[in-house]
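A.B. asks: Following this message is one structure expressed as structure tokens.
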Amino acid sequence: MDNRPIGMFDSGVGGLTVYEEIKKKLPNEKIIYLGDTKEFPYGSKSKQSIIELTKNNIEFLLKYNVKLIIIACGTATSQALEEVRKIYRVPIIGIIEPTVKYIKQEENYNNIGIIATRGTIRSNTWEKSIKEKIENINVYNKECPLLAPMAEEGWTDNEIAKLTIKEYLNNFPKLDALILGCTHYPLFEKIIKEQMPETDIINTGKIIAKYLEENIEKSENNINIEEEIYLTDTECNFIQMANKILGHNIEIKEVEVK
Ligand code: DGL
């Protein structure tokens, strides 16, 4: 048993799709969530900037005596995880490794698509990690820079979202699975599935939750444990979106991370 909290961060509301899945599977875990809304979007920043921001976020979360940190962000996982693992002793989990393990188990996957932010696709980390572990697999990438800002805005199920997704998914061949390589994208899962009814849509939050269930020392905290959500800027739509994603009203605290 380990009652210390789990630390988690993203640039905004995307990481809450991971938070939500973990809460469903492991309701006794206390999670300290940090949304670096001041620096949103991460997807268009350089690798060096992402490393700096990731370090700041980790140092903020370490103040809460966390037992592990989840980078609930595809962009930071793809560009900073390797770097920060060399610096900090706390276990740090990103969204890529557990997902690649999952895909490896699914033996009938031959054609995999990945949609993610520009930075994530540019880093090529998903494709490299998949091909390192799985032979004879075809990987198709597509950057979707408009989706995370639309998700922050709450435009996840309107006509604009449908058209944008249609345009982004247009050139994929027939896929066995499509990885939502940015944690904002599960918010569009319904309309993505409508466009690709025969493809398995992979929500990394579900995979991380299962991974934690199988691999960590669990907490035995009270199930009604207080939520702790911190933002680096509150002039944004985070609260409305978070209330919608989590299904209840949340309270947030504004903080500086540096
Ligand atoms: N949710 C993030 C990701 O998984 C970041 C999106 C962004 O800030 O551009 O990549």
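Ligands are numbered from 1 in the order shown, residues from 1 within each chain, and chains are lettered A, B, ... in the order they appear in the structure tokens.
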Give me, as number ranges by chain, all polymer residues having an atom no more than 12 Å from region 125-127 of chain A, counting only C-alpha atoms and skipping those fewer than 5 positions away in the same chain.
C.D. replies: A: 74-82, 94-101, 103, 111-117, 119-120, 132-135, 137-142, 179-182
A.B. asks: Please dump the current selection as a PDB file, in the first residue's frame; keep C-alpha atoms.
C.D. replies:
ATOM      1  CA  GLY A  74       1.417  13.162 -25.918  1.00  0.00           C
ATOM      2  CA  THR A  75       3.522  16.163 -26.863  1.00  0.00           C
ATOM      3  CA  ALA A  76       5.527  16.170 -23.620  1.00  0.00           C
ATOM      4  CA  THR A  77       5.800  12.366 -23.614  1.00  0.00           C
ATOM      5  CA  SER A  78       7.175  12.301 -27.146  1.00  0.00           C
ATOM      6  CA  GLN A  79       9.715  15.075 -26.659  1.00  0.00           C
ATOM      7  CA  ALA A  80      10.656  15.279 -22.997  1.00  0.00           C
ATOM      8  CA  LEU A  81      10.102  11.936 -21.249  1.00  0.00           C
ATOM      9  CA  GLU A  82      13.498  10.487 -22.118  1.00  0.00           C
ATOM     10  CA  GLY A  94       4.145   8.729 -20.391  1.00  0.00           C
ATOM     11  CA  ILE A  95       1.340   7.697 -22.711  1.00  0.00           C
ATOM     12  CA  ILE A  96       3.449   5.979 -25.376  1.00  0.00           C
ATOM     13  CA  GLU A  97       5.178   2.926 -23.808  1.00  0.00           C
ATOM     14  CA  PRO A  98       2.060   1.359 -22.229  1.00  0.00           C
ATOM     15  CA  THR A  99       0.151   1.903 -25.478  1.00  0.00           C
ATOM     16  CA  VAL A 100       2.852   0.259 -27.572  1.00  0.00           C
ATOM     17  CA  LYS A 101       2.791  -2.747 -25.207  1.00  0.00           C
ATOM     18  CA  ILE A 103      -0.678  -2.843 -29.452  1.00  0.00           C
ATOM     19  CA  ASN A 111      -2.000  -1.033 -40.165  1.00  0.00           C
ATOM     20  CA  ILE A 112      -1.912   1.551 -37.418  1.00  0.00           C
ATOM     21  CA  GLY A 113      -2.732   5.239 -37.700  1.00  0.00           C
ATOM     22  CA  ILE A 114      -1.635   7.937 -35.288  1.00  0.00           C
ATOM     23  CA  ILE A 115      -3.167  11.355 -34.952  1.00  0.00           C
ATOM     24  CA  ALA A 116      -1.450  13.861 -32.671  1.00  0.00           C
ATOM     25  CA  THR A 117      -0.137  17.412 -32.382  1.00  0.00           C
ATOM     26  CA  GLY A 119       5.250  18.484 -32.253  1.00  0.00           C
ATOM     27  CA  THR A 120       4.420  14.865 -31.484  1.00  0.00           C
ATOM     28  CA  GLU A 132      11.156  -0.998 -32.325  1.00  0.00           C
ATOM     29  CA  LYS A 133       8.790  -3.436 -30.612  1.00  0.00           C
ATOM     30  CA  ILE A 134       6.687  -4.807 -33.474  1.00  0.00           C
ATOM     31  CA  GLU A 135       7.908  -6.182 -36.768  1.00  0.00           C
ATOM     32  CA  ILE A 137       3.673  -3.181 -39.061  1.00  0.00           C
ATOM     33  CA  ASN A 138       2.643  -0.200 -41.158  1.00  0.00           C
ATOM     34  CA  VAL A 139       2.347   3.118 -39.365  1.00  0.00           C
ATOM     35  CA  TYR A 140       0.601   6.172 -40.791  1.00  0.00           C
ATOM     36  CA  ASN A 141       0.908   9.572 -39.106  1.00  0.00           C
ATOM     37  CA  LYS A 142      -1.190  12.687 -39.309  1.00  0.00           C
ATOM     38  CA  ILE A 179      -4.184   5.848 -31.789  1.00  0.00           C
ATOM     39  CA  LEU A 180      -5.422   9.102 -30.304  1.00  0.00           C
ATOM     40  CA  GLY A 181      -1.874  10.332 -29.720  1.00  0.00           C
ATOM     41  CA  CYS A 182      -2.928  13.544 -28.019  1.00  0.00           C
TER      42      CYS A 182
END
A.B. asks: Mind checking which residues fall within 8 Å of Lys67 (chain A), counting only C-alpha atoms, ignoring those fewer than 5 positions away in the same chain, and posting them as a list in words?
C.D. replies: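 Residues near the query, excluding close chain neighbours: Asp2, Arg4, Pro5, Ile6, Gly7, Val90 and Pro91 of chain A.
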A.B. asks: So that I have them on file, write out the residues from the current selection with C-alpha atoms, as an mmCIF file, in the first residue's frame.
C.D. replies:
data_model
loop_
_atom_site.group_PDB
_atom_site.id
_atom_site.type_symbol
_atom_site.label_atom_id
_atom_site.label_comp_id
_atom_site.auth_asym_id
_atom_site.auth_seq_id
_atom_site.Cartn_x
_atom_site.Cartn_y
_atom_site.Cartn_z
ATOM 1 C CA ASP A 2 1.177 3.527 -0.804
ATOM 2 C CA ARG A 4 0.880 9.106 -1.524
ATOM 3 C CA PRO A 5 -0.813 10.932 -4.405
ATOM 4 C CA ILE A 6 -0.203 10.504 -8.117
ATOM 5 C CA GLY A 7 0.974 13.656 -9.908
ATOM 6 C CA VAL A 90 10.480 9.675 -9.177
ATOM 7 C CA PRO A 91 8.927 7.147 -11.606
#
A.B. asks: For Ile160 (chain A), work out the shell of residues within 12 Å, counting only C-alpha atoms and skipping chain neighbours fewer than 4 positions away, then give it as a count of residues only.
C.D. replies: 14
A.B. asks: Using only C-alpha atoms, which protein or nucleic acid residues come within 7 Å of region 215-230 of chain A? Drop anything in the same chain fewer than 5 positions from it, and give the result as an NGL selection string.
C.D. replies: :A and (1-3 or 27-35 or 252-255)
A.B. asks: Write out the residues from the selection above, keeping C-alpha atoms, as a PDB file, in the first residue's frame.
C.D. replies:
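Written out: out.pdb:
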ATOM      1  CA  MET A   1       0.000   0.000   0.000  1.00  0.00           C
ATOM      2  CA  ASP A   2       1.177   3.527  -0.804  1.00  0.00           C
ATOM      3  CA  ASN A   3      -1.202   6.380   0.059  1.00  0.00           C
ATOM      4  CA  PRO A  27     -11.041   5.527  -7.144  1.00  0.00           C
ATOM      5  CA  ASN A  28      -8.896   5.407  -4.006  1.00  0.00           C
ATOM      6  CA  GLU A  29      -5.979   7.161  -5.662  1.00  0.00           C
ATOM      7  CA  LYS A  30      -5.557  10.831  -4.912  1.00  0.00           C
ATOM      8  CA  ILE A  31      -4.435  12.700  -8.029  1.00  0.00           C
ATOM      9  CA  ILE A  32      -2.788  16.116  -8.102  1.00  0.00           C
ATOM     10  CA  TYR A  33      -3.594  17.512 -11.561  1.00  0.00           C
ATOM     11  CA  LEU A  34      -1.727  20.400 -13.105  1.00  0.00           C
ATOM     12  CA  GLY A  35      -2.988  22.099 -16.268  1.00  0.00           C
ATOM     13  CA  ILE A 252      -9.341  25.005  -9.207  1.00  0.00           C
ATOM     14  CA  LYS A 253      -6.400  26.877  -7.768  1.00  0.00           C
ATOM     15  CA  GLU A 254      -4.139  29.148  -9.781  1.00  0.00           C
ATOM     16  CA  VAL A 255      -0.415  28.552  -9.305  1.00  0.00           C
TER      17      VAL A 255
END
A.B. asks: Quick one: everything within 10 Å of Pro149 (chain A), counting only C-alpha atoms, minus sequence neighbours fewer than 6 positions away in the same chain. Send it as a PyMOL selection string.
C.D. replies: chain A and resi 12+40-41+43+155+184
A.B. asks: Kindly give the distance, in Å, that separates CA of Gln240 (chain A) and CA of Asn57 (chain A), rounded to a single decimal.
C.D. replies: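 Computed distance, CA of Gln240 (chain A) to CA of Asn57 (chain A), equals 22.9 Å.
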